[in-house]
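Raw contents of query-v4.cif, mmCIF, C-alpha atoms:
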```
data_model
#
loop_
_atom_site.label_atom_id
_atom_site.label_comp_id
_atom_site.auth_asym_id
_atom_site.auth_seq_id
_atom_site.Cartn_x
_atom_site.Cartn_y
_atom_site.Cartn_z
CA MET V 1091 -24.64 91.21 7.20
CA LYS V 1092 -26.59 88.00 7.55
CA GLU V 1093 -25.58 87.00 4.06
CA ARG V 1094 -21.91 87.69 4.80
CA HIS V 1095 -22.02 85.40 7.85
CA ARG V 1096 -23.62 82.68 5.78
CA ALA V 1097 -20.94 83.00 3.11
CA LEU V 1098 -18.22 82.78 5.74
CA ARG V 1099 -19.81 79.66 7.20
CA LEU V 1100 -19.88 78.01 3.79
CA TYR V 1101 -16.36 79.02 2.85
CA PRO V 1102 -14.58 76.13 4.68
CA ALA V 1103 -16.97 73.64 3.08
CA PHE V 1104 -16.19 75.14 -0.33
CA LEU V 1105 -12.45 74.84 0.35
CA ALA V 1106 -12.87 71.22 1.43
CA LEU V 1107 -14.76 70.43 -1.76
CA VAL V 1108 -12.05 72.04 -3.92
CA ALA V 1109 -9.40 70.06 -2.01
CA MET V 1110 -11.29 66.80 -2.53
CA LEU V 1111 -11.71 67.37 -6.25
CA GLY V 1112 -8.18 68.62 -6.79
CA PHE V 1113 -6.24 66.19 -4.65
CA SER V 1114 -8.35 63.05 -4.61
CA PRO V 1115 -5.88 60.12 -4.63
CA ALA V 1116 -8.11 58.13 -7.01
CA TRP V 1117 -8.25 60.90 -9.56
CA ALA V 1118 -4.56 61.56 -9.27
CA GLY V 1119 -3.90 57.84 -9.78
CA GLU V 1120 -5.98 57.76 -12.96
CA GLU V 1121 -4.12 60.72 -14.37
CA ASP V 1122 -0.71 59.31 -13.40
CA GLY V 1123 -1.60 55.94 -14.89
CA MET V 1124 -2.59 57.42 -18.24
CA THR V 1125 0.53 59.62 -18.23
CA LEU V 1126 2.62 56.53 -17.60
CA LEU V 1127 0.95 54.69 -20.50
CA LYS V 1128 1.51 57.66 -22.79
CA ASN V 1129 5.16 58.04 -21.79
CA ARG V 1130 6.24 54.42 -21.59
CA CYS V 1131 3.87 52.44 -23.84
CA ALA V 1132 2.42 54.64 -26.58
CA SER V 1133 5.50 54.62 -28.81
CA CYS V 1134 4.80 50.94 -29.62
CA HIS V 1135 1.19 50.30 -28.51
CA ASN V 1136 -1.95 51.95 -29.85
CA LEU V 1137 -3.87 53.30 -26.84
CA THR V 1138 -6.64 55.07 -28.69
CA GLY V 1139 -7.67 52.94 -31.70
CA PRO V 1140 -8.78 52.18 -34.25
CA ALA V 1141 -7.13 48.89 -35.28
CA PRO V 1142 -5.23 48.82 -38.60
CA ALA V 1143 -7.62 49.03 -41.55
CA SER V 1144 -5.09 48.14 -44.26
CA ILE V 1145 -2.33 45.60 -44.77
CA HIS V 1146 0.31 48.31 -44.68
CA ALA V 1147 -1.03 49.72 -41.40
CA LEU V 1148 -0.97 46.16 -40.05
CA TRP V 1149 2.66 45.72 -41.09
CA GLU V 1150 3.60 48.99 -39.38
CA ARG V 1151 2.11 47.94 -36.04
CA LYS V 1152 4.96 47.36 -33.61
CA ALA V 1153 3.03 45.75 -30.75
CA PRO V 1154 -0.48 44.58 -29.84
CA ASP V 1155 -3.18 47.25 -29.65
CA LEU V 1156 -4.10 48.25 -26.11
CA PHE V 1157 -7.14 50.45 -26.68
CA TYR V 1158 -9.33 47.55 -25.55
CA ALA V 1159 -6.89 46.23 -22.92
CA GLY V 1160 -9.58 46.40 -20.22
CA ASN V 1161 -11.80 44.13 -22.30
CA LYS V 1162 -8.96 41.73 -22.94
CA PHE V 1163 -6.64 41.30 -19.98
CA ARG V 1164 -6.92 40.17 -16.38
CA ARG V 1165 -5.62 42.86 -14.02
CA LYS V 1166 -3.74 40.43 -11.79
CA TRP V 1167 -1.87 38.97 -14.77
CA LEU V 1168 -1.00 42.45 -16.08
CA ILE V 1169 0.52 43.54 -12.77
CA SER V 1170 2.64 40.42 -12.61
CA TRP V 1171 3.66 40.30 -16.29
CA LEU V 1172 4.58 43.99 -16.51
CA GLN V 1173 7.18 43.43 -13.78
CA LYS V 1174 8.62 40.30 -15.39
CA PRO V 1175 7.63 40.32 -19.07
CA VAL V 1176 8.02 37.08 -21.00
CA ARG V 1177 7.52 36.87 -24.78
CA ILE V 1178 3.93 35.94 -25.72
CA ARG V 1179 4.26 36.08 -29.52
CA PRO V 1180 7.15 33.77 -30.46
CA ALA V 1181 7.60 35.55 -33.81
CA GLY V 1182 6.81 39.06 -32.55
CA GLU V 1183 4.68 41.60 -34.35
CA PHE V 1184 4.43 41.75 -37.36
CA TYR V 1185 5.50 38.08 -37.55
CA ALA V 1186 6.73 38.14 -41.18
CA ASP V 1187 9.24 40.87 -40.29
CA HIS V 1188 10.89 38.48 -37.84
CA ILE V 1189 11.37 35.32 -39.89
CA LYS V 1190 14.11 34.09 -42.18
CA PRO V 1191 14.54 31.01 -44.39
CA GLY V 1192 15.99 27.99 -42.55
CA PRO V 1193 17.34 24.62 -43.70
CA LYS V 1194 14.05 22.75 -43.02
CA ARG V 1195 11.56 25.61 -42.73
CA ASP V 1196 11.33 29.34 -42.07
CA MET V 1197 12.74 30.22 -38.67
CA VAL V 1198 12.13 33.02 -36.18
CA ASP V 1199 14.96 35.53 -36.45
CA GLU V 1200 15.55 36.12 -32.74
CA SER V 1201 18.07 38.87 -33.46
CA THR V 1202 15.23 41.13 -34.67
CA LEU V 1203 13.08 40.70 -31.54
CA LYS V 1204 13.40 43.18 -28.69
CA PRO V 1205 12.58 42.45 -25.04
CA HIS V 1206 9.60 44.22 -23.48
CA LEU V 1207 10.46 46.83 -20.84
CA ALA V 1208 9.84 45.91 -17.20
CA LEU V 1209 8.06 48.17 -14.69
CA SER V 1210 8.42 48.53 -10.94
CA ALA V 1211 5.66 47.01 -8.80
CA ALA V 1212 4.12 50.45 -8.19
CA ASP V 1213 4.23 51.43 -11.87
CA ALA V 1214 2.92 48.01 -12.96
CA THR V 1215 -0.13 48.49 -10.72
CA LEU V 1216 -0.62 52.04 -11.98
CA ALA V 1217 -0.32 50.89 -15.61
CA ALA V 1218 -2.60 47.88 -15.09
CA ASP V 1219 -5.30 50.07 -13.54
CA ALA V 1220 -5.03 52.54 -16.42
CA LEU V 1221 -5.16 49.69 -18.96
CA MET V 1222 -8.25 48.22 -17.33
CA ARG V 1223 -10.03 51.51 -18.06
CA LEU V 1224 -9.40 51.15 -21.82
CA ARG V 1225 -12.53 49.34 -22.92
CA ALA V 1226 -13.33 50.32 -26.49
CA HIS V 1227 -15.15 47.05 -27.12
CA ASP V 1228 -17.62 46.74 -24.26
CA ASP V 1229 -20.14 46.22 -27.08
CA LEU V 1230 -18.52 42.97 -28.24
CA ILE V 1231 -17.98 41.69 -24.71
CA ALA V 1232 -21.65 42.33 -23.84
CA LYS V 1233 -22.69 39.83 -26.52
CA GLU V 1234 -20.82 36.96 -24.86
CA HIS V 1235 -21.83 34.61 -22.09
CA VAL V 1236 -19.39 31.98 -20.91
CA PRO V 1237 -20.90 29.57 -18.40
CA ALA V 1238 -18.57 28.19 -15.76
CA GLY V 1239 -17.46 24.67 -16.54
CA THR V 1240 -14.59 22.33 -17.16
CA ILE V 1241 -13.32 20.10 -19.93
CA SER V 1242 -10.84 17.26 -19.82
CA THR V 1243 -7.50 18.24 -21.31
CA SER V 1244 -7.70 15.22 -23.64
CA MET V 1245 -11.06 16.40 -25.06
CA GLY V 1246 -9.80 19.98 -25.11
CA SER V 1247 -6.71 19.08 -27.09
CA LEU V 1248 -8.85 17.04 -29.50
CA VAL V 1249 -11.01 20.11 -30.18
CA PHE V 1250 -8.04 22.49 -30.33
CA ASP V 1251 -5.64 20.37 -32.38
CA LYS V 1252 -7.75 18.02 -34.46
CA PHE V 1253 -11.25 19.44 -34.90
CA LEU V 1254 -10.27 23.08 -35.37
CA GLY V 1255 -6.54 23.01 -36.14
CA CYS V 1256 -5.69 25.93 -33.80
CA MET V 1257 -2.31 24.34 -33.01
CA ALA V 1258 -1.18 25.27 -36.51
CA CYS V 1259 -0.47 28.81 -35.29
CA HIS V 1260 -0.65 28.67 -31.48
CA ARG V 1261 1.38 26.85 -28.84
CA VAL V 1262 -0.43 25.07 -26.05
CA LYS V 1263 2.84 23.93 -24.49
CA PRO V 1264 6.18 25.74 -24.64
CA ASP V 1265 7.42 23.10 -27.09
CA PHE V 1266 4.34 22.25 -29.18
CA GLY V 1267 2.41 24.20 -31.81
CA GLY V 1268 2.81 27.04 -34.26
CA LEU V 1269 4.65 30.32 -33.87
CA SER V 1270 2.79 33.03 -35.77
CA GLY V 1271 0.09 33.48 -33.11
CA PRO V 1272 0.41 34.24 -29.40
CA GLU V 1273 1.15 31.29 -27.11
CA LEU V 1274 -1.95 30.07 -25.35
CA TYR V 1275 -0.62 28.05 -22.43
CA THR V 1276 -0.89 31.16 -20.24
CA ALA V 1277 -4.02 32.52 -21.96
CA GLY V 1278 -6.36 31.40 -19.16
CA ASP V 1279 -4.46 33.58 -16.68
CA ARG V 1280 -3.89 36.37 -19.17
CA LEU V 1281 -7.23 36.82 -20.91
CA ARG V 1282 -10.80 37.38 -19.83
CA PRO V 1283 -13.11 34.47 -20.74
CA ARG V 1284 -15.59 36.59 -22.66
CA PHE V 1285 -12.77 38.16 -24.66
CA ILE V 1286 -11.49 34.71 -25.65
CA ALA V 1287 -15.00 33.72 -26.76
CA SER V 1288 -15.57 36.93 -28.71
CA TYR V 1289 -12.18 36.87 -30.40
CA ILE V 1290 -12.60 33.25 -31.56
CA ARG V 1291 -16.11 34.09 -32.81
CA SER V 1292 -14.76 36.90 -34.99
CA PRO V 1293 -11.11 37.96 -34.87
CA GLN V 1294 -11.96 40.54 -37.55
CA ALA V 1295 -14.49 42.27 -35.28
CA TRP V 1296 -11.54 43.14 -33.02
CA ASP V 1297 -8.78 43.49 -35.60
CA PRO V 1298 -10.04 43.65 -39.22
CA LYS V 1299 -6.76 42.72 -40.94
CA ILE V 1300 -5.38 40.19 -38.42
CA TRP V 1301 -3.81 36.97 -39.74
CA MET V 1302 -6.12 34.79 -37.62
CA PRO V 1303 -9.01 33.46 -39.72
CA ASN V 1304 -12.65 33.29 -38.73
CA LYS V 1305 -13.29 29.55 -38.67
CA HIS V 1306 -16.99 29.96 -37.86
CA VAL V 1307 -16.56 28.00 -34.66
CA SER V 1308 -19.83 26.80 -33.12
CA GLU V 1309 -21.02 28.09 -29.75
CA THR V 1310 -20.36 24.72 -28.09
CA ARG V 1311 -16.79 24.57 -29.42
CA ILE V 1312 -16.12 28.19 -28.38
CA ILE V 1313 -17.09 27.40 -24.79
CA GLN V 1314 -15.01 24.21 -24.90
CA LEU V 1315 -11.99 26.20 -26.08
CA VAL V 1316 -12.39 28.78 -23.30
CA HIS V 1317 -12.57 26.00 -20.70
CA TYR V 1318 -9.59 24.23 -22.29
CA LEU V 1319 -7.42 27.35 -22.15
CA GLN V 1320 -8.45 27.90 -18.54
CA ALA V 1321 -7.53 24.28 -17.76
CA LEU V 1322 -4.13 24.70 -19.43
CA SER V 1323 -3.32 27.75 -17.33
CA LYS V 1324 -4.23 25.98 -14.14
CA GLY V 1325 -1.71 23.34 -15.14
CA GLU V 1326 -4.00 20.58 -14.01
CA SER V 1327 -5.88 17.86 -15.78
CA HIS V 1328 -9.63 17.66 -15.35
CA GLU V 1329 -9.84 14.09 -16.51
CA MET Y 169 3.38 69.45 -81.71
CA ASN Y 170 0.70 71.52 -80.01
CA LYS Y 171 -0.67 71.13 -76.49
CA ASN Y 172 -3.84 69.33 -77.59
CA SER Y 173 -1.87 66.72 -79.53
CA LEU Y 174 0.29 66.05 -76.48
CA LEU Y 175 -2.76 65.58 -74.28
CA PHE Y 176 -4.28 63.23 -76.87
CA LEU Y 177 -1.11 61.12 -77.06
CA GLY Y 178 -0.92 61.02 -73.23
CA ALA Y 179 -4.49 59.76 -73.03
CA ILE Y 180 -3.77 57.06 -75.63
CA ALA Y 181 -0.66 55.96 -73.70
CA LEU Y 182 -2.60 55.72 -70.41
CA TRP Y 183 -5.41 53.77 -72.08
CA THR Y 184 -2.89 51.32 -73.59
CA LEU Y 185 -1.00 50.86 -70.34
CA SER Y 186 -3.99 50.68 -67.98
CA PRO Y 187 -4.40 46.86 -68.12
CA VAL Y 188 -0.69 46.46 -67.36
CA LEU Y 189 -0.80 48.94 -64.49
CA SER Y 190 -3.93 47.33 -63.12
CA GLU Y 191 -2.41 43.82 -63.29
CA THR Y 192 0.73 45.01 -61.55
CA SER Y 193 -1.23 46.51 -58.67
CA LEU Y 194 -3.39 43.38 -58.37
CA ALA Y 195 -0.28 41.21 -58.25
CA ALA Y 196 1.24 43.46 -55.60
CA SER Y 197 -1.92 43.28 -53.51
CA ALA Y 198 -2.10 39.47 -53.75
CA LYS Y 199 1.60 39.24 -52.90
CA ASN Y 200 0.98 41.37 -49.79
CA ASN Y 201 -1.96 39.19 -48.79
CA TYR Y 202 0.16 36.07 -49.32
CA ARG Y 203 2.90 37.46 -47.07
CA THR Y 204 0.36 38.36 -44.40
CA TYR Y 205 -1.96 35.36 -44.34
CA CYS Y 206 -0.41 32.44 -46.23
CA ALA Y 207 3.32 32.69 -45.49
CA GLN Y 208 2.89 31.71 -41.83
CA CYS Y 209 2.30 28.12 -43.01
CA HIS Y 210 3.17 28.01 -46.71
CA GLY Y 211 6.46 29.86 -46.20
CA ILE Y 212 7.78 33.23 -47.28
CA ALA Y 213 8.97 31.57 -50.52
CA GLY Y 214 5.69 29.65 -50.99
CA ASN Y 215 7.54 26.34 -50.71
CA GLY Y 216 5.29 24.91 -47.96
CA ARG Y 217 7.90 25.49 -45.27
CA GLY Y 218 6.46 28.21 -43.05
CA ILE Y 219 7.42 28.87 -39.42
CA ASN Y 220 4.36 27.00 -38.16
CA ILE Y 221 4.88 23.60 -39.78
CA ARG Y 222 7.07 21.65 -37.36
CA ASP Y 223 4.26 20.01 -35.36
CA MET Y 224 1.60 19.81 -38.08
CA SER Y 225 0.23 16.33 -38.80
CA VAL Y 226 -0.39 17.37 -42.42
CA GLN Y 227 2.21 19.56 -44.08
CA PRO Y 228 1.11 22.66 -46.02
CA ARG Y 229 1.10 22.52 -49.80
CA ASN Y 230 4.22 23.59 -51.67
CA HIS Y 231 2.83 26.26 -53.98
CA THR Y 232 5.92 26.14 -56.18
CA ASP Y 233 5.23 22.48 -57.03
CA ALA Y 234 4.06 22.81 -60.65
CA GLU Y 235 3.21 19.11 -61.00
CA TYR Y 236 0.71 19.18 -58.11
CA MET Y 237 -0.58 22.70 -58.63
CA SER Y 238 -1.35 22.09 -62.30
CA GLN Y 239 -3.76 19.33 -61.22
CA ARG Y 240 -5.87 21.74 -59.14
CA SER Y 241 -8.39 23.89 -60.98
CA ASP Y 242 -8.65 27.61 -60.29
CA GLU Y 243 -12.10 26.94 -58.84
CA ASP Y 244 -10.68 24.39 -56.36
CA LEU Y 245 -7.92 26.77 -55.29
CA ALA Y 246 -10.42 29.59 -54.79
CA LYS Y 247 -12.75 27.28 -52.83
CA ALA Y 248 -9.95 26.12 -50.52
CA ASP Y 249 -8.85 29.70 -50.00
CA LYS Y 250 -12.35 30.91 -49.19
CA GLU Y 251 -13.81 27.94 -47.32
CA GLY Y 252 -10.75 26.09 -46.05
CA GLY Y 253 -9.21 22.67 -46.64
CA LEU Y 254 -12.24 20.68 -45.48
CA ALA Y 255 -14.31 22.18 -48.31
CA ILE Y 256 -12.17 20.29 -50.84
CA ASP Y 257 -11.65 17.19 -48.66
CA LYS Y 258 -8.27 18.37 -47.44
CA SER Y 259 -6.91 19.19 -43.98
CA VAL Y 260 -8.66 21.29 -41.33
CA LEU Y 261 -5.27 22.93 -40.81
CA MET Y 262 -5.93 24.99 -43.94
CA PRO Y 263 -8.42 27.56 -42.60
CA PRO Y 264 -11.11 29.51 -44.48
CA TRP Y 265 -10.09 33.04 -45.43
CA GLY Y 266 -13.52 34.12 -46.69
CA ASP Y 267 -14.01 36.58 -43.82
CA THR Y 268 -10.57 38.10 -44.38
CA LEU Y 269 -10.21 38.33 -48.16
CA SER Y 270 -12.82 39.72 -50.54
CA PRO Y 271 -13.99 37.62 -53.54
CA SER Y 272 -11.80 39.70 -55.86
CA GLU Y 273 -8.79 39.30 -53.53
CA ILE Y 274 -9.32 35.53 -53.58
CA LYS Y 275 -9.50 35.60 -57.38
CA ASP Y 276 -6.23 37.58 -57.46
CA MET Y 277 -4.68 35.14 -54.99
CA VAL Y 278 -5.40 32.23 -57.34
CA GLN Y 279 -3.61 34.11 -60.12
CA TYR Y 280 -0.72 34.81 -57.73
CA LEU Y 281 -0.49 31.08 -56.93
CA ARG Y 282 -0.21 30.45 -60.67
CA THR Y 283 2.81 32.76 -60.75
CA LEU Y 284 4.41 30.85 -57.83
CA CYS Y 285 4.07 27.48 -59.58
CA HIS Y 286 4.64 28.90 -63.09
CA CYS Y 287 1.78 26.66 -64.12
CA LYS Y 288 -1.79 26.59 -65.31
CA TYR Y 289 -4.55 24.09 -64.65
CA ASN Y 290 -4.06 21.01 -66.77
CA SER Y 291 -7.15 18.76 -66.66
CA GLN Y 292 -5.36 15.88 -68.43
#
```
Would you write out, as structure tokens, the structure that this file holds?
Amino acid sequence: MKERHRALRLYPAFLALVAMLGFSPAWAGEEDGMTLLKNRCASCHNLTGPAPASIHALWERKAPDLFYAGNKFRRKWLISWLQKPVRIRPAGEFYADHIKPGPKRDMVDESTLKPHLALSAADATLAADALMRLRAHDDLIAKEHVPAGTISTSMGSLVFDKFLGCMACHRVKPDFGGLSGPELYTAGDRLRPRFIASYIRSPQAWDPKIWMPNKHVSETRIIQLVHYLQALSKGESHE
Amino acid sequence: MNKNSLLFLGAIALWTLSPVLSETSLAASAKNNYRTYCAQCHGIAGNGRGINIRDMSVQPRNHTDAEYMSQRSDEDLAKADKEGGLAIDKSVLMPPWGDTLSPSEIKDMVQYLRTLCHCKYNSQ
């Protein structure tokens, strides 16, 4: 009898616990976010890894890998960009599938590039939160330390353009630089500082077959590049 | 002709053709690497006119230029490919591909460059 009373007393607590576990808004959000990624993004983006391990797998990739999106992107930028997507890779992915011979040089064949889908504000937030949980390369990020600091844009452009030749493939202004790599004038807003540092240190550690070379950039230059990209995104000169 | 004779002839044919087959696959692999890594600057036709060149202070080499390419030794081409332009006193815009391509892939790439220029090294 005593035991029955005790069980009855505990029953409401048990129900409350089940309700919390089953209907917790946070848990539901996580599940909805991953469902959204699977339904809307997975047909082009790889959400689970690994990165392409062969040239042919690289050529078949339709869009950047997202299985380390939480290591790579800033949440605020994701929420904003997913509502109003603007092309980041001028020649798309894989770049050689989107170029054609031109009179002076090879040209981007715009007719082969498709716009990225746009999400509602609510879905963009849901997707961004789900993406921030995809962190397959916490190990690489943990190796990086980027001290706060600034660099003048004139010194930054000297390092970027002249010392390291990054402008060959990347744009640092909408009308200056190469086209086969992602534009970098919004990289400071888009990317996490330690990701930038790690990716420059070894692009192949993130993406073994990527067409960005490892230039064995020194620690000092890596930090300068991170600060330069941050300065570019702020749109202000630190001179 | 009995079954054993057929097998023997098949083995002889494979042995004779193996260098050809191997060369073909090496050429295909170097061609794929060229399209992936080199074409962004040197052009899909290897003529030095890739999509990236408009703002470059030094223009990429035209790999179909037999006159120039015949003056570069295979060793120089391999060194530039592996260690970048600075390693042979050329532009920093030519990056090192030593962490991307294996030594044998770089060797194959040099042979592929020789097919683009239809030339060999001429030390004269």
Need to verify the contact set: Pro1140 of chain V, 9 Å, all atoms listed in the file, exclusion of same-chain residues closer than 3 positions in sequence. Can you return it as a PyMOL selection string? chain V and resi 1136-1137+1143+1155+1157+1297
Could you list, as a ChimeraX atom specification, every residue matched by the PyMOL selection byres ((chain V) within 6 of (chain Y)) in this structure? /V:1195-1197,1255,1259,1267-1269,1301,1303
Exactly which residues make up the result of the PyMOL selection byres ((chain Y and resi 273) around 12) on this file, given as a count of residues only? 28
State, in Å with one decimal place, the distance from atom CA of Asp1228 of chain V to atom CA of Asn1161 of chain V.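 Taking atom CA of Asp1228 of chain V and atom CA of Asn1161 of chain V, their separation equals 6.7 Å.
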Rounded to one decimal, what separation in Å do you get between atom CA of Cys1131 of chain V and atom CA of Lys1190 of chain V?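 Rounded to one decimal, the two atoms are 27.9 Å apart.
Between atom CA of Thr1215 of chain V and atom CA of Ala1287 of chain V lies a distance of 26.4 Å.
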Matched chain/residue IDs from the PyMOL selection byres ((chain V and resi 1317) around 8), as a tab-separated table (two decimals) with C-alpha atoms, in the coordinates of the input:
```
chain	number	residue	atom	x	y	z
V	1239	GLY	CA	-17.46	24.67	-16.54
V	1240	THR	CA	-14.59	22.33	-17.16
V	1241	ILE	CA	-13.32	20.10	-19.93
V	1246	GLY	CA	-9.80	19.98	-25.11
V	1313	ILE	CA	-17.09	27.40	-24.79
V	1314	GLN	CA	-15.01	24.21	-24.90
V	1315	LEU	CA	-11.99	26.20	-26.08
V	1316	VAL	CA	-12.39	28.78	-23.30
V	1318	TYR	CA	-9.59	24.23	-22.29
V	1319	LEU	CA	-7.42	27.35	-22.15
V	1320	GLN	CA	-8.45	27.90	-18.54
V	1321	ALA	CA	-7.53	24.28	-17.76
```
Excluding Ile1290 of chain V and its own-chain neighbours fewer than 4 positions away, which residues fall within 8 Å of it when counting only C-alpha atoms? Please give them as a PDB file with C-alpha atoms, in the frame of the given file.
```pdb
ATOM      1  CA  ILE V1286     -11.490  34.710 -25.650  1.00  0.00           C
ATOM      2  CA  ASN V1304     -12.650  33.290 -38.730  1.00  0.00           C
ATOM      3  CA  VAL V1307     -16.560  28.000 -34.660  1.00  0.00           C
ATOM      4  CA  ILE V1312     -16.120  28.190 -28.380  1.00  0.00           C
TER       5      ILE V1312
END
```
I'd like the neighbourhood of Gln1173 of chain V as a list in words, where a residue qualifies if any of its atoms comes within 12 Å (using only C-alpha atoms), though same-chain residues fewer than 6 positions away should be ignored. Lys1166, Trp1167, His1206, Leu1207, Ala1208, Leu1209, Ser1210, Ala1211, Ala1212, Asp1213, Ala1214, Thr1215, Leu1216, Ala1217 and Ala1218 of chain V
Please identify all polymer residues within 10 Å of Val1198 of chain V, counting all atoms listed in the file, omitting same-chain residues fewer than 2 positions from it, and present them as a short mmCIF file (atom, residue, chain, number, x, y, z; two decimals) with C-alpha atoms, in the coordinates of the input.
```
data_model
loop_
_atom_site.label_atom_id
_atom_site.label_comp_id
_atom_site.auth_asym_id
_atom_site.auth_seq_id
_atom_site.Cartn_x
_atom_site.Cartn_y
_atom_site.Cartn_z
CA PRO V 1180 7.15 33.77 -30.46
CA ALA V 1181 7.60 35.55 -33.81
CA GLY V 1182 6.81 39.06 -32.55
CA TYR V 1185 5.50 38.08 -37.55
CA ALA V 1186 6.73 38.14 -41.18
CA ASP V 1187 9.24 40.87 -40.29
CA HIS V 1188 10.89 38.48 -37.84
CA ILE V 1189 11.37 35.32 -39.89
CA LYS V 1190 14.11 34.09 -42.18
CA PRO V 1191 14.54 31.01 -44.39
CA GLY V 1192 15.99 27.99 -42.55
CA ARG V 1195 11.56 25.61 -42.73
CA ASP V 1196 11.33 29.34 -42.07
CA GLU V 1200 15.55 36.12 -32.74
CA SER V 1201 18.07 38.87 -33.46
CA THR V 1202 15.23 41.13 -34.67
CA LEU V 1203 13.08 40.70 -31.54
CA LEU V 1269 4.65 30.32 -33.87
CA SER V 1270 2.79 33.03 -35.77
CA ILE Y 219 7.42 28.87 -39.42
#
```
Could I see segment 1308-1327 of chain V restored to N, CA and C atoms, set down as an mmCIF file, keeping the file's coordinate frame?
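This is the output file part.cif:
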```cif
data_model
loop_
_atom_site.group_PDB
_atom_site.id
_atom_site.type_symbol
_atom_site.label_atom_id
_atom_site.label_comp_id
_atom_site.auth_asym_id
_atom_site.auth_seq_id
_atom_site.Cartn_x
_atom_site.Cartn_y
_atom_site.Cartn_z
ATOM 1 N N SER V 1308 -18.493 26.859 -33.734
ATOM 2 C CA SER V 1308 -19.830 26.800 -33.120
ATOM 3 C C SER V 1308 -19.763 27.254 -31.658
ATOM 4 N N GLU V 1309 -20.923 27.609 -31.133
ATOM 5 C CA GLU V 1309 -21.020 28.090 -29.750
ATOM 6 C C GLU V 1309 -20.445 27.047 -28.773
ATOM 7 N N THR V 1310 -20.826 25.785 -28.990
ATOM 8 C CA THR V 1310 -20.360 24.720 -28.090
ATOM 9 C C THR V 1310 -18.835 24.636 -28.105
ATOM 10 N N ARG V 1311 -18.263 24.671 -29.308
ATOM 11 C CA ARG V 1311 -16.790 24.570 -29.420
ATOM 12 C C ARG V 1311 -16.109 25.796 -28.808
ATOM 13 N N ILE V 1312 -16.715 26.977 -28.966
ATOM 14 C CA ILE V 1312 -16.120 28.190 -28.380
ATOM 15 C C ILE V 1312 -16.012 28.027 -26.860
ATOM 16 N N ILE V 1313 -17.087 27.568 -26.251
ATOM 17 C CA ILE V 1313 -17.090 27.400 -24.790
ATOM 18 C C ILE V 1313 -16.066 26.331 -24.395
ATOM 19 N N GLN V 1314 -16.008 25.256 -25.188
ATOM 20 C CA GLN V 1314 -15.010 24.210 -24.900
ATOM 21 C C GLN V 1314 -13.594 24.774 -24.963
ATOM 22 N N LEU V 1315 -13.331 25.627 -25.951
ATOM 23 C CA LEU V 1315 -11.990 26.200 -26.080
ATOM 24 C C LEU V 1315 -11.656 27.114 -24.897
ATOM 25 N N VAL V 1316 -12.630 27.904 -24.461
ATOM 26 C CA VAL V 1316 -12.390 28.780 -23.300
ATOM 27 C C VAL V 1316 -12.040 27.912 -22.089
ATOM 28 N N HIS V 1317 -12.828 26.870 -21.865
ATOM 29 C CA HIS V 1317 -12.570 26.000 -20.700
ATOM 30 C C HIS V 1317 -11.225 25.281 -20.842
ATOM 31 N N TYR V 1318 -10.883 24.916 -22.063
ATOM 32 C CA TYR V 1318 -9.590 24.230 -22.290
ATOM 33 C C TYR V 1318 -8.420 25.166 -21.966
ATOM 34 N N LEU V 1319 -8.505 26.412 -22.425
ATOM 35 C CA LEU V 1319 -7.420 27.350 -22.150
ATOM 36 C C LEU V 1319 -7.324 27.650 -20.654
ATOM 37 N N GLN V 1320 -8.474 27.703 -19.991
ATOM 38 C CA GLN V 1320 -8.450 27.900 -18.540
ATOM 39 C C GLN V 1320 -7.802 26.704 -17.851
ATOM 40 N N ALA V 1321 -8.114 25.502 -18.341
ATOM 41 C CA ALA V 1321 -7.530 24.280 -17.760
ATOM 42 C C ALA V 1321 -6.015 24.262 -17.975
ATOM 43 N N LEU V 1322 -5.574 24.695 -19.147
ATOM 44 C CA LEU V 1322 -4.130 24.700 -19.430
ATOM 45 C C LEU V 1322 -3.392 25.632 -18.470
ATOM 46 N N SER V 1323 -3.977 26.790 -18.212
ATOM 47 C CA SER V 1323 -3.320 27.750 -17.330
ATOM 48 C C SER V 1323 -3.237 27.256 -15.903
ATOM 49 N N LYS V 1324 -4.252 26.503 -15.496
ATOM 50 C CA LYS V 1324 -4.230 25.980 -14.140
ATOM 51 C C LYS V 1324 -3.193 24.879 -14.004
ATOM 52 N N GLY V 1325 -2.747 24.367 -15.164
ATOM 53 C CA GLY V 1325 -1.710 23.340 -15.140
ATOM 54 C C GLY V 1325 -2.182 22.045 -14.550
ATOM 55 N N GLU V 1326 -3.496 21.839 -14.584
ATOM 56 C CA GLU V 1326 -4.000 20.580 -14.010
ATOM 57 C C GLU V 1326 -4.929 19.901 -15.008
ATOM 58 N N SER V 1327 -5.007 18.617 -14.902
ATOM 59 C CA SER V 1327 -5.880 17.860 -15.780
ATOM 60 C C SER V 1327 -7.236 17.703 -15.116
#
```
